[in-house]
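Dropping start.tsv in here (TSV, N, CA and C atoms):
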chain	number	residue	atom	x	y	z
A	1	MET	N	-152.47	-138.39	-125.29
A	1	MET	CA	-153.47	-137.81	-124.40
A	1	MET	C	-154.54	-138.86	-124.08
A	2	GLN	N	-155.08	-138.72	-122.90
A	2	GLN	CA	-156.20	-139.54	-122.46
A	2	GLN	C	-157.28	-138.61	-121.93
A	3	ASN	N	-158.46	-138.71	-122.48
A	3	ASN	CA	-159.58	-137.88	-122.02
A	3	ASN	C	-159.22	-136.40	-121.96
A	4	GLY	N	-158.45	-135.93	-122.95
A	4	GLY	CA	-158.07	-134.54	-123.03
A	4	GLY	C	-156.95	-134.13	-122.08
A	5	LYS	N	-156.32	-135.09	-121.41
A	5	LYS	CA	-155.24	-134.78	-120.47
A	5	LYS	C	-153.94	-135.40	-120.97
A	6	TYR	N	-152.85	-134.66	-120.77
A	6	TYR	CA	-151.53	-135.18	-121.13
A	6	TYR	C	-151.13	-136.33	-120.20
A	7	VAL	N	-150.49	-137.33	-120.78
A	7	VAL	CA	-150.05	-138.51	-120.03
A	7	VAL	C	-148.54	-138.38	-119.75
A	8	ILE	N	-148.18	-138.50	-118.47
A	8	ILE	CA	-146.79	-138.41	-118.05
A	8	ILE	C	-146.37	-139.76	-117.49
A	9	LEU	N	-145.36	-140.37	-118.10
A	9	LEU	CA	-144.80	-141.63	-117.62
A	9	LEU	C	-143.61	-141.32	-116.72
A	10	CYS	N	-143.66	-141.82	-115.48
A	10	CYS	CA	-142.57	-141.62	-114.52
A	10	CYS	C	-142.01	-142.98	-114.15
A	11	VAL	N	-140.71	-143.15	-114.36
A	11	VAL	CA	-140.05	-144.43	-114.08
A	11	VAL	C	-139.00	-144.21	-113.00
A	12	ASP	N	-139.23	-144.83	-111.83
A	12	ASP	CA	-138.30	-144.69	-110.70
A	12	ASP	C	-138.54	-145.88	-109.77
A	13	ASP	N	-137.48	-146.40	-109.19
A	13	ASP	CA	-137.64	-147.54	-108.28
A	13	ASP	C	-138.02	-147.11	-106.86
A	14	ASP	N	-138.14	-145.82	-106.62
A	14	ASP	CA	-138.53	-145.28	-105.32
A	14	ASP	C	-140.04	-145.03	-105.30
A	15	GLN	N	-140.78	-145.89	-104.62
A	15	GLN	CA	-142.24	-145.78	-104.60
A	15	GLN	C	-142.69	-144.46	-103.98
A	16	ASP	N	-141.98	-143.96	-102.97
A	16	ASP	CA	-142.35	-142.68	-102.35
A	16	ASP	C	-142.27	-141.54	-103.36
A	17	LEU	N	-141.25	-141.56	-104.19
A	17	LEU	CA	-141.12	-140.52	-105.21
A	17	LEU	C	-142.25	-140.64	-106.23
A	18	LEU	N	-142.56	-141.85	-106.65
A	18	LEU	CA	-143.67	-142.05	-107.60
A	18	LEU	C	-144.98	-141.56	-106.99
A	19	ASP	N	-145.21	-141.85	-105.72
A	19	ASP	CA	-146.44	-141.39	-105.06
A	19	ASP	C	-146.50	-139.87	-105.02
A	20	ALA	N	-145.38	-139.23	-104.74
A	20	ALA	CA	-145.34	-137.76	-104.69
A	20	ALA	C	-145.60	-137.17	-106.08
A	21	LEU	N	-144.98	-137.76	-107.10
A	21	LEU	CA	-145.21	-137.28	-108.47
A	21	LEU	C	-146.67	-137.48	-108.88
A	22	ARG	N	-147.25	-138.61	-108.51
A	22	ARG	CA	-148.66	-138.86	-108.82
A	22	ARG	C	-149.54	-137.76	-108.24
A	23	LEU	N	-149.32	-137.41	-106.97
A	23	LEU	CA	-150.12	-136.38	-106.32
A	23	LEU	C	-150.02	-135.05	-107.06
A	24	VAL	N	-148.80	-134.63	-107.36
A	24	VAL	CA	-148.59	-133.34	-108.02
A	24	VAL	C	-149.19	-133.34	-109.42
A	25	LEU	N	-148.93	-134.39	-110.17
A	25	LEU	CA	-149.39	-134.42	-111.55
A	25	LEU	C	-150.91	-134.51	-111.64
A	26	GLU	N	-151.52	-135.41	-110.89
A	26	GLU	CA	-152.97	-135.55	-110.96
A	26	GLU	C	-153.69	-134.31	-110.44
A	27	LYS	N	-153.14	-133.69	-109.40
A	27	LYS	CA	-153.73	-132.46	-108.86
A	27	LYS	C	-153.72	-131.34	-109.91
A	28	ASN	N	-152.75	-131.39	-110.82
A	28	ASN	CA	-152.62	-130.33	-111.83
A	28	ASN	C	-153.13	-130.75	-113.20
A	29	GLY	N	-153.94	-131.79	-113.25
A	29	GLY	CA	-154.65	-132.13	-114.48
A	29	GLY	C	-153.93	-133.04	-115.45
A	30	TYR	N	-152.92	-133.75	-115.00
A	30	TYR	CA	-152.20	-134.68	-115.86
A	30	TYR	C	-152.59	-136.12	-115.50
A	31	VAL	N	-152.41	-137.01	-116.45
A	31	VAL	CA	-152.58	-138.44	-116.19
A	31	VAL	C	-151.21	-139.00	-115.83
A	32	PHE	N	-151.11	-139.60	-114.65
A	32	PHE	CA	-149.86	-140.18	-114.17
A	32	PHE	C	-149.83	-141.66	-114.51
A	33	VAL	N	-148.69	-142.11	-115.07
A	33	VAL	CA	-148.44	-143.53	-115.27
A	33	VAL	C	-147.08	-143.81	-114.63
A	34	GLY	N	-147.05	-144.73	-113.68
A	34	GLY	CA	-145.82	-145.02	-112.96
A	34	GLY	C	-145.28	-146.39	-113.27
A	35	ALA	N	-143.96	-146.51	-113.20
A	35	ALA	CA	-143.28	-147.79	-113.37
A	35	ALA	C	-142.09	-147.82	-112.41
A	36	ARG	N	-141.82	-149.00	-111.84
A	36	ARG	CA	-140.75	-149.11	-110.84
A	36	ARG	C	-139.47	-149.73	-111.37
A	37	SER	N	-139.40	-149.99	-112.67
A	37	SER	CA	-138.18	-150.53	-113.27
A	37	SER	C	-138.13	-150.11	-114.73
A	38	ALA	N	-136.94	-150.20	-115.31
A	38	ALA	CA	-136.78	-149.86	-116.73
A	38	ALA	C	-137.63	-150.79	-117.59
A	39	GLU	N	-137.63	-152.07	-117.25
A	39	GLU	CA	-138.42	-153.04	-118.01
A	39	GLU	C	-139.91	-152.71	-117.96
A	40	GLU	N	-140.41	-152.42	-116.77
A	40	GLU	CA	-141.82	-152.05	-116.63
A	40	GLU	C	-142.10	-150.73	-117.34
A	41	GLY	N	-141.14	-149.81	-117.29
A	41	GLY	CA	-141.30	-148.53	-117.97
A	41	GLY	C	-141.47	-148.70	-119.47
A	42	LEU	N	-140.70	-149.62	-120.07
A	42	LEU	CA	-140.81	-149.87	-121.51
A	42	LEU	C	-142.18	-150.45	-121.85
A	43	VAL	N	-142.68	-151.35	-121.02
A	43	VAL	CA	-144.01	-151.93	-121.22
A	43	VAL	C	-145.08	-150.84	-121.13
A	44	LYS	N	-145.00	-150.00	-120.10
A	44	LYS	CA	-145.99	-148.93	-119.92
A	44	LYS	C	-145.91	-147.91	-121.06
A	45	TYR	N	-144.70	-147.65	-121.54
A	45	TYR	CA	-144.53	-146.76	-122.69
A	45	TYR	C	-145.31	-147.30	-123.88
A	46	ARG	N	-145.13	-148.56	-124.16
A	46	ARG	CA	-145.82	-149.18	-125.30
A	46	ARG	C	-147.33	-149.18	-125.12
A	47	GLN	N	-147.79	-149.36	-123.90
A	47	GLN	CA	-149.22	-149.42	-123.62
A	47	GLN	C	-149.90	-148.05	-123.67
A	48	THR	N	-149.22	-147.03	-123.17
A	48	THR	CA	-149.88	-145.73	-122.96
A	48	THR	C	-149.48	-144.64	-123.93
A	49	LYS	N	-148.36	-144.79	-124.63
A	49	LYS	CA	-147.86	-143.74	-125.53
A	49	LYS	C	-147.90	-142.37	-124.85
A	50	PRO	N	-147.09	-142.19	-123.80
A	50	PRO	CA	-147.13	-140.95	-123.02
A	50	PRO	C	-146.68	-139.73	-123.82
A	51	ASP	N	-147.09	-138.56	-123.31
A	51	ASP	CA	-146.74	-137.29	-123.94
A	51	ASP	C	-145.40	-136.76	-123.45
A	52	LEU	N	-144.95	-137.23	-122.29
A	52	LEU	CA	-143.67	-136.82	-121.72
A	52	LEU	C	-143.23	-137.92	-120.76
A	53	ILE	N	-141.92	-138.14	-120.67
A	53	ILE	CA	-141.38	-139.24	-119.87
A	53	ILE	C	-140.31	-138.70	-118.93
A	54	ILE	N	-140.38	-139.14	-117.66
A	54	ILE	CA	-139.38	-138.80	-116.66
A	54	ILE	C	-138.79	-140.12	-116.17
A	55	ILE	N	-137.46	-140.25	-116.27
A	55	ILE	CA	-136.79	-141.50	-115.94
A	55	ILE	C	-135.68	-141.27	-114.93
A	56	ASP	N	-135.68	-142.07	-113.87
A	56	ASP	CA	-134.61	-142.01	-112.89
A	56	ASP	C	-133.32	-142.54	-113.52
A	57	LEU	N	-132.23	-141.87	-113.26
A	57	LEU	CA	-130.95	-142.28	-113.82
A	57	LEU	C	-130.51	-143.64	-113.28
A	58	MET	N	-130.53	-143.79	-111.96
A	58	MET	CA	-130.04	-145.03	-111.35
A	58	MET	C	-131.19	-145.74	-110.66
A	59	MET	N	-131.54	-146.88	-111.21
A	59	MET	CA	-132.61	-147.68	-110.62
A	59	MET	C	-132.03	-149.02	-110.17
A	60	GLU	N	-132.65	-150.10	-110.61
A	60	GLU	CA	-132.22	-151.42	-110.17
A	60	GLU	C	-130.81	-151.75	-110.61
A	61	GLU	N	-130.37	-151.15	-111.69
A	61	GLU	CA	-129.00	-151.28	-112.16
A	61	GLU	C	-128.48	-149.87	-112.39
A	62	VAL	N	-127.19	-149.70	-112.29
A	62	VAL	CA	-126.60	-148.36	-112.40
A	62	VAL	C	-126.98	-147.67	-113.71
A	63	ASP	N	-126.97	-148.38	-114.81
A	63	ASP	CA	-127.27	-147.75	-116.10
A	63	ASP	C	-128.68	-148.04	-116.61
A	64	ALA	N	-129.58	-148.44	-115.73
A	64	ALA	CA	-130.95	-148.78	-116.16
A	64	ALA	C	-131.66	-147.59	-116.80
A	65	GLY	N	-131.49	-146.41	-116.22
A	65	GLY	CA	-132.16	-145.23	-116.76
A	65	GLY	C	-131.68	-144.88	-118.16
A	66	THR	N	-130.37	-144.84	-118.34
A	66	THR	CA	-129.84	-144.50	-119.67
A	66	THR	C	-130.16	-145.61	-120.67
A	67	GLY	N	-130.18	-146.85	-120.20
A	67	GLY	CA	-130.56	-147.96	-121.08
A	67	GLY	C	-131.99	-147.82	-121.55
A	68	LEU	N	-132.88	-147.43	-120.66
A	68	LEU	CA	-134.28	-147.22	-121.03
A	68	LEU	C	-134.40	-146.09	-122.05
A	69	VAL	N	-133.68	-145.01	-121.82
A	69	VAL	CA	-133.73	-143.89	-122.77
A	69	VAL	C	-133.28	-144.36	-124.16
A	70	ARG	N	-132.23	-145.16	-124.20
A	70	ARG	CA	-131.76	-145.69	-125.50
A	70	ARG	C	-132.79	-146.61	-126.13
A	71	ASN	N	-133.46	-147.43	-125.33
A	71	ASN	CA	-134.50	-148.31	-125.86
A	71	ASN	C	-135.67	-147.52	-126.42
A	72	LEU	N	-136.06	-146.46	-125.73
A	72	LEU	CA	-137.15	-145.62	-126.22
A	72	LEU	C	-136.78	-144.96	-127.54
A	73	LYS	N	-135.55	-144.49	-127.61
A	73	LYS	CA	-135.07	-143.86	-128.84
A	73	LYS	C	-135.09	-144.88	-130.00
A	74	ALA	N	-134.66	-146.11	-129.70
A	74	ALA	CA	-134.64	-147.16	-130.73
A	74	ALA	C	-136.05	-147.51	-131.19
A	75	GLU	N	-137.03	-147.32	-130.32
A	75	GLU	CA	-138.42	-147.60	-130.68
A	75	GLU	C	-139.08	-146.42	-131.38
A	76	GLY	N	-138.33	-145.36	-131.59
A	76	GLY	CA	-138.85	-144.22	-132.34
A	76	GLY	C	-139.52	-143.15	-131.50
A	77	ASN	N	-139.29	-143.15	-130.19
A	77	ASN	CA	-139.91	-142.13	-129.35
A	77	ASN	C	-139.48	-140.73	-129.77
A	78	THR	N	-140.45	-139.85	-129.91
A	78	THR	CA	-140.17	-138.45	-130.23
A	78	THR	C	-140.66	-137.50	-129.14
A	79	LYS	N	-141.23	-138.05	-128.09
A	79	LYS	CA	-141.75	-137.23	-126.99
A	79	LYS	C	-140.59	-136.80	-126.08
A	80	PRO	N	-140.76	-135.68	-125.36
A	80	PRO	CA	-139.70	-135.21	-124.47
A	80	PRO	C	-139.38	-136.24	-123.38
A	81	VAL	N	-138.08	-136.43	-123.14
A	81	VAL	CA	-137.62	-137.34	-122.08
A	81	VAL	C	-136.72	-136.55	-121.15
A	82	TYR	N	-137.03	-136.62	-119.86
A	82	TYR	CA	-136.24	-135.96	-118.82
A	82	TYR	C	-135.64	-137.01	-117.91
A	83	MET	N	-134.39	-136.81	-117.55
A	83	MET	CA	-133.72	-137.70	-116.62
A	83	MET	C	-133.89	-137.11	-115.23
A	84	LEU	N	-134.10	-137.98	-114.26
A	84	LEU	CA	-134.23	-137.59	-112.86
A	84	LEU	C	-132.99	-138.10	-112.14
A	85	SER	N	-132.28	-137.20	-111.45
A	85	SER	CA	-131.00	-137.60	-110.89
A	85	SER	C	-130.75	-136.98	-109.53
A	86	SER	N	-130.11	-137.74	-108.67
A	86	SER	CA	-129.64	-137.19	-107.39
A	86	SER	C	-128.13	-136.97	-107.44
A	87	VAL	N	-127.54	-137.20	-108.61
A	87	VAL	CA	-126.10	-137.08	-108.79
A	87	VAL	C	-125.65	-135.63	-108.73
A	88	GLY	N	-126.50	-134.71	-109.12
A	88	GLY	CA	-126.15	-133.30	-109.09
A	88	GLY	C	-125.59	-132.84	-110.43
A	89	ASP	N	-124.91	-131.72	-110.40
A	89	ASP	CA	-124.41	-131.11	-111.63
A	89	ASP	C	-123.32	-131.91	-112.30
A	90	ASN	N	-122.74	-132.89	-111.63
A	90	ASN	CA	-121.70	-133.72	-112.25
A	90	ASN	C	-122.27	-134.71	-113.25
A	91	LEU	N	-123.59	-134.78	-113.35
A	91	LEU	CA	-124.22	-135.71	-114.28
A	91	LEU	C	-123.73	-135.47	-115.70
A	92	ASN	N	-123.57	-134.21	-116.09
A	92	ASN	CA	-123.15	-133.92	-117.46
A	92	ASN	C	-121.73	-134.38	-117.76
A	93	LEU	N	-120.95	-134.72	-116.73
A	93	LEU	CA	-119.61	-135.25	-116.96
A	93	LEU	C	-119.66	-136.73	-117.34
A	94	ASN	N	-120.76	-137.40	-117.01
A	94	ASN	CA	-120.88	-138.84	-117.23
A	94	ASN	C	-121.78	-139.21	-118.40
A	95	ILE	N	-122.67	-138.31	-118.79
A	95	ILE	CA	-123.68	-138.62	-119.80
A	95	ILE	C	-123.71	-137.53	-120.86
A	96	ASP	N	-123.75	-137.94	-122.11
A	96	ASP	CA	-123.89	-136.99	-123.21
A	96	ASP	C	-125.38	-136.80	-123.49
A	97	TYR	N	-125.93	-135.67	-123.04
A	97	TYR	CA	-127.35	-135.40	-123.22
A	97	TYR	C	-127.76	-135.49	-124.69
A	98	ASN	N	-126.93	-134.95	-125.56
A	98	ASN	CA	-127.26	-134.94	-126.98
A	98	ASN	C	-127.34	-136.34	-127.56
A	99	GLU	N	-126.40	-137.17	-127.15
A	99	GLU	CA	-126.40	-138.55	-127.65
A	99	GLU	C	-127.67	-139.28	-127.24
A	100	LEU	N	-128.09	-139.06	-126.00
A	100	LEU	CA	-129.30	-139.73	-125.50
A	100	LEU	C	-130.57	-139.07	-126.02
A	101	GLY	N	-130.49	-137.83	-126.44
A	101	GLY	CA	-131.69	-137.13	-126.91
A	101	GLY	C	-132.57	-136.65	-125.77
A	102	LEU	N	-131.95	-136.37	-124.61
A	102	LEU	CA	-132.72	-135.89	-123.47
A	102	LEU	C	-133.17	-134.45	-123.67
A	103	SER	N	-134.34	-134.15	-123.13
A	103	SER	CA	-134.83	-132.77	-123.15
A	103	SER	C	-134.30	-131.98	-121.97
A	104	GLY	N	-133.86	-132.70	-120.92
A	104	GLY	CA	-133.32	-132.02	-119.75
A	104	GLY	C	-133.18	-132.97	-118.58
A	105	VAL	N	-132.80	-132.40	-117.43
A	105	VAL	CA	-132.59	-133.19	-116.22
A	105	VAL	C	-133.25	-132.48	-115.06
A	106	PHE	N	-133.97	-133.25	-114.24
A	106	PHE	CA	-134.51	-132.76	-112.98
A	106	PHE	C	-133.64	-133.32	-111.87
A	107	GLN	N	-133.31	-132.47	-110.90
A	107	GLN	CA	-132.52	-132.91	-109.75
A	107	GLN	C	-133.46	-133.35	-108.63
A	108	LYS	N	-133.06	-134.42	-107.93
A	108	LYS	CA	-133.80	-134.83	-106.73
A	108	LYS	C	-133.27	-134.03	-105.55
A	109	PRO	N	-134.09	-133.60	-104.63
A	109	PRO	CA	-135.54	-133.73	-104.67
A	109	PRO	C	-136.12	-132.80	-105.73
A	110	ILE	N	-137.13	-133.25	-106.40
A	110	ILE	CA	-137.68	-132.51	-107.53
A	110	ILE	C	-138.46	-131.29	-107.02
A	111	ASP	N	-138.27	-130.18	-107.69
A	111	ASP	CA	-138.98	-128.95	-107.37
A	111	ASP	C	-140.30	-128.97	-108.15
A	112	ASN	N	-141.41	-129.07	-107.43
A	112	ASN	CA	-142.71	-129.22	-108.08
A	112	ASN	C	-143.05	-128.06	-109.01
A	113	GLN	N	-142.70	-126.85	-108.61
A	113	GLN	CA	-143.01	-125.69	-109.46
A	113	GLN	C	-142.19	-125.72	-110.74
A	114	GLN	N	-140.94	-126.13	-110.64
A	114	GLN	CA	-140.11	-126.26	-111.83
A	114	GLN	C	-140.67	-127.35	-112.74
A	115	LEU	N	-141.06	-128.47	-112.16
A	115	LEU	CA	-141.65	-129.56	-112.93
A	115	LEU	C	-142.88	-129.08	-113.69
A	116	LEU	N	-143.78	-128.42	-113.01
A	116	LEU	CA	-145.01	-127.95	-113.65
A	116	LEU	C	-144.74	-126.91	-114.72
A	117	ALA	N	-143.75	-126.04	-114.49
A	117	ALA	CA	-143.39	-125.05	-115.50
A	117	ALA	C	-142.86	-125.72	-116.76
A	118	VAL	N	-142.02	-126.75	-116.59
A	118	VAL	CA	-141.50	-127.48	-117.74
A	118	VAL	C	-142.63	-128.17	-118.49
A	119	LEU	N	-143.55	-128.80	-117.76
A	119	LEU	CA	-144.66	-129.48	-118.41
A	119	LEU	C	-145.51	-128.49	-119.21
A	120	ARG	N	-145.81	-127.35	-118.61
A	120	ARG	CA	-146.61	-126.34	-119.34
A	120	ARG	C	-145.88	-125.90	-120.60
A	121	SER	N	-144.57	-125.72	-120.51
A	121	SER	CA	-143.77	-125.26	-121.63
A	121	SER	C	-143.69	-126.31	-122.76
A	122	LYS	N	-143.45	-127.56	-122.38
A	122	LYS	CA	-143.22	-128.62	-123.37
A	122	LYS	C	-144.50	-129.20	-123.95
A	123	LEU	N	-145.62	-129.07	-123.23
A	123	LEU	CA	-146.85	-129.72	-123.66
A	123	LEU	C	-147.92	-128.73	-124.11
A	124	LYS	N	-147.51	-127.77	-124.89
A	124	LYS	CA	-148.46	-126.77	-125.41
A	124	LYS	C	-149.24	-127.33	-126.56

Go ahead and express the file in the form of structure tokens.
Amino acid sequence: MQNGKYVILCVDDDQDLLDALRLVLEKNGYVFVGARSAEEGLVKYRQTKPDLIIIDLMMEEVDAGTGLVRNLKAEGNTKPVYMLSSVGDNLNLNIDYNELGLSGVFQKPIDNQQLLAVLRSKLK
């Protein structure tokens, strides 16, 4: 937390998506931290110790998102991690959620009300 607000780290190589998430999160009382690559996301994670993390599945490299999730797990992250995907429901055929320790998946385009409901539920 920062100044009594939950910190949400969003990692995606799409700046428009990051800008949209920033607007929604800050408007609803969260601290937004954005990163445009898995490498930058790991640095921001270490700097800010976020309360919840949202990571795009496919960024600069096809497996960058899952690689970042594995790196966070190796660093001892215990905060909820959500994958952001435009792949659709077939994502579960390619990725073992349990192995990665994901809390869930958001589909692109992200539904703001669903996002906020999940945040309220997970960050009590």

*Rounded to one decimal in Å, what is the spacing between atom N of Leu116 (chain A) and atom C of Asn71 (chain A)?*
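Atom-to-atom, atom N of Leu116 (chain A) and atom C of Asn71 (chain A) are spaced 24.7 Å apart.
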
*Point-to-point distance in Å for CA of Leu21 (chain A) and CA of Gly4 (chain A)*: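 Going from CA of Gly4 (chain A) over to CA of Leu21 (chain A) covers 19.6 Å.
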
*Between A:Leu25, A:Leu18, A:Pro80, A:Lys108, which has the minimum distance to Ile54 (chain A) (counting all atoms listed in the file)?*
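Once distances to Ile54 (chain A) are computed over all atoms listed in the file, the minimum belongs to A:Pro80.
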
*asked:* As an exercise, work out the distance from CA of Tyr30 (chain A) to atom N of Val7 (chain A) in Å and give it to one decimal place.
replied: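 Distance reported for this atom pair: 5.8 Å.
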
_Distance criterion (only N, CA and C atoms): nearest to Ser86 (chain A) out of A:Leu23, A:Leu9, A:Leu57, A:Leu115_ =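 Answer, going by the shortest atom-to-atom distance: A:Leu57.
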
_Spatial neighbours of Phe106 (chain A), max dist 7 Å, all atoms listed in the file, sep filter under 6 positions, as a list in words_ =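 That gives Tyr82, Met83, Leu84, Ser85 and Ser86 of chain A.
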
Test item, strand (DSSP E) assignment across chain A, answer as a short mmCIF file (atom, residue, chain, number, x, y, z; two decimals) with N, CA and C atoms, keeping the file's coordinate frame:
data_model
loop_
_atom_site.label_atom_id
_atom_site.label_comp_id
_atom_site.auth_asym_id
_atom_site.auth_seq_id
_atom_site.Cartn_x
_atom_site.Cartn_y
_atom_site.Cartn_z
N VAL A 7 -150.49 -137.33 -120.78
CA VAL A 7 -150.05 -138.51 -120.03
C VAL A 7 -148.54 -138.38 -119.75
N ILE A 8 -148.18 -138.50 -118.47
CA ILE A 8 -146.79 -138.41 -118.05
C ILE A 8 -146.37 -139.76 -117.49
N LEU A 9 -145.36 -140.37 -118.10
CA LEU A 9 -144.80 -141.63 -117.62
C LEU A 9 -143.61 -141.32 -116.72
N CYS A 10 -143.66 -141.82 -115.48
CA CYS A 10 -142.57 -141.62 -114.52
C CYS A 10 -142.01 -142.98 -114.15
N VAL A 11 -140.71 -143.15 -114.36
CA VAL A 11 -140.05 -144.43 -114.08
C VAL A 11 -139.00 -144.21 -113.00
N VAL A 31 -152.41 -137.01 -116.45
CA VAL A 31 -152.58 -138.44 -116.19
C VAL A 31 -151.21 -139.00 -115.83
N PHE A 32 -151.11 -139.60 -114.65
CA PHE A 32 -149.86 -140.18 -114.17
C PHE A 32 -149.83 -141.66 -114.51
N VAL A 33 -148.69 -142.11 -115.07
CA VAL A 33 -148.44 -143.53 -115.27
C VAL A 33 -147.08 -143.81 -114.63
N GLY A 34 -147.05 -144.73 -113.68
CA GLY A 34 -145.82 -145.02 -112.96
C GLY A 34 -145.28 -146.39 -113.27
N ALA A 35 -143.96 -146.51 -113.20
CA ALA A 35 -143.28 -147.79 -113.37
C ALA A 35 -142.09 -147.82 -112.41
N LEU A 52 -144.95 -137.23 -122.29
CA LEU A 52 -143.67 -136.82 -121.72
C LEU A 52 -143.23 -137.92 -120.76
N ILE A 53 -141.92 -138.14 -120.67
CA ILE A 53 -141.38 -139.24 -119.87
C ILE A 53 -140.31 -138.70 -118.93
N ILE A 54 -140.38 -139.14 -117.66
CA ILE A 54 -139.38 -138.80 -116.66
C ILE A 54 -138.79 -140.12 -116.17
N ILE A 55 -137.46 -140.25 -116.27
CA ILE A 55 -136.79 -141.50 -115.94
C ILE A 55 -135.68 -141.27 -114.93
N ASP A 56 -135.68 -142.07 -113.87
CA ASP A 56 -134.61 -142.01 -112.89
C ASP A 56 -133.32 -142.54 -113.52
N VAL A 81 -138.08 -136.43 -123.14
CA VAL A 81 -137.62 -137.34 -122.08
C VAL A 81 -136.72 -136.55 -121.15
N TYR A 82 -137.03 -136.62 -119.86
CA TYR A 82 -136.24 -135.96 -118.82
C TYR A 82 -135.64 -137.01 -117.91
N MET A 83 -134.39 -136.81 -117.55
CA MET A 83 -133.72 -137.70 -116.62
C MET A 83 -133.89 -137.11 -115.23
N LEU A 84 -134.10 -137.98 -114.26
CA LEU A 84 -134.23 -137.59 -112.86
C LEU A 84 -132.99 -138.10 -112.14
N SER A 85 -132.28 -137.20 -111.45
CA SER A 85 -131.00 -137.60 -110.89
C SER A 85 -130.75 -136.98 -109.53
N GLY A 104 -133.86 -132.70 -120.92
CA GLY A 104 -133.32 -132.02 -119.75
C GLY A 104 -133.18 -132.97 -118.58
N VAL A 105 -132.80 -132.40 -117.43
CA VAL A 105 -132.59 -133.19 -116.22
C VAL A 105 -133.25 -132.48 -115.06
N PHE A 106 -133.97 -133.25 -114.24
CA PHE A 106 -134.51 -132.76 -112.98
C PHE A 106 -133.64 -133.32 -111.87
N GLN A 107 -133.31 -132.47 -110.90
CA GLN A 107 -132.52 -132.91 -109.75
C GLN A 107 -133.46 -133.35 -108.63
#

*asked:* With all atoms listed in the file as the counted atoms, please give the residues lying no more than 6 Å from Met59 (chain A), apart from itself and same-chain residues fewer than 5 positions off, as a list in words.
replied: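 Within the cut-off, the hits are Asp13, Ala64 and Gly65 of chain A.
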
*asked:* Under the rule that all atoms listed in the file are counted, which of A:Gly76, A:Asn112, A:Lys124, A:Val11 is the nearest residue to Val33 (chain A)?
replied: A:Val11

*Taking into account only C-alpha atoms, which residue in the set A:Val118, A:Val69, A:Tyr6, A:Glu75 is nearest to Leu102 (chain A)?*
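Of all the options, A:Val69 lies closest to Leu102 (chain A).
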
*Going by DSSP on the backbone, which bits of region 6-69 of chain A are alpha helix (DSSP H)? Write them as an MDAnalysis selection string, please.*
chainID A and resid 15:27 38:48 64:69
